[in-house]
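Report on the structure given below.
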Amino acid sequence: MLSVMGSSVWAFSLERYVEGVHYEKVAGAERKPDTVMEFFSFGCPHCNHLEPLVEKWLKTKPEAVQFTRVPAAWNPRFKVLAKLYYVIVALGIEDKAVPAVFDYLHKQNQ
C-alpha cells in the first residue's frame, strides 16, 4: 500500500507544467532578467556572517542574473549606514568598500 501511495506522489511530482493547461502566458509581457535582491545592513551581524558567501556567489553567478543590494534603514543607525552604502555606490567602489565596511564594523571596531 505504501509503495502505491509513494509512486503516485512521485508521478504527480514529475508532471510537467503545460502552457494552456497549467498556466497562460501574459500577452505582451517581456522577459525580464532574473534578479537577486539582498536586503541588508552593514550594522546587522547576520548580514556580516552572510557577506563572504554573497561575495563568493557573486564571482560564480550566471552572467544573466542581476544582483542588487538594498540597504535596510529601519532605525537611525541603519539609516546612516544606508546612506554610506549609497555613497559607496555613487563612487563605484562596492567591490572593495562593502567587505571593508563589514570588516571594520564587526571585527576591527568591537
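Chain labels A, B, ... are given in the sequence in which chains occur in the C-alpha cells; within each chain residues are numbered consecutively from 1, and ligands are likewise numbered from 1 in the order shown.
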May I have the residues within 6 Å of stretch 51-68 of chain A as a PyMOL selection string, using only C-alpha atoms and disregarding those fewer than 6 positions away in the same chain? chain A and resi 34-37
Could you take the residues named above and write them with C-alpha atoms, as a JSON list (two decimals), in the first residue's frame?
[["chain", "number", "residue", "atom", "x", "y", "z"],
["A", 34, "ASP", "CA", 16.45, 37.19, -13.24],
["A", 35, "THR", "CA", 17.36, 39.37, -10.28],
["A", 36, "VAL", "CA", 18.55, 38.52, -6.79],
["A", 37, "MET", "CA", 17.90, 41.29, -4.26]]
Exercise: A:Ala73 partners within 7 Å, only C-alpha atoms, chain neighbours under 4 positions left out, as a PyMOL selection string: chain A and resi 78-79+82
Just the residues within 9 Å of stretch 84-89 of chain A, please, counting only C-alpha atoms, with nothing from its chain fewer than 3 positions along; format it as a list in words.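 Counting only C-alpha atoms, the residues come to Ser41, Phe42, Pro71, Lys79, Val80, Leu81, Gly92, Ile93, Glu94, Ala97 and Val98 of chain A.
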For A:Ala100, which residue out of A:Asn48, A:Arg31, A:Val21, A:Glu38 is the nearest one, using only C-alpha atoms?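 Among A:Asn48, A:Arg31, A:Val21, A:Glu38, it is A:Asn48 that comes nearest to A:Ala100.
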Atom CA of A:Ala29 to atom CA of A:Tyr17: how many Å, to one decimal? 19.0 Å
Extract the full set of strand (DSSP E or B) residues from chain A according to DSSP on the backbone, and format it as a VMD selection string. chain A and resid 19 23 35 to 40 66 to 71
Suppose you want the space between atom CA of A:Pro99 and atom CA of A:Phe39; what is it in Å?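 Computing the Euclidean distance for atom CA of A:Pro99 and atom CA of A:Phe39 yields 15.5 Å.
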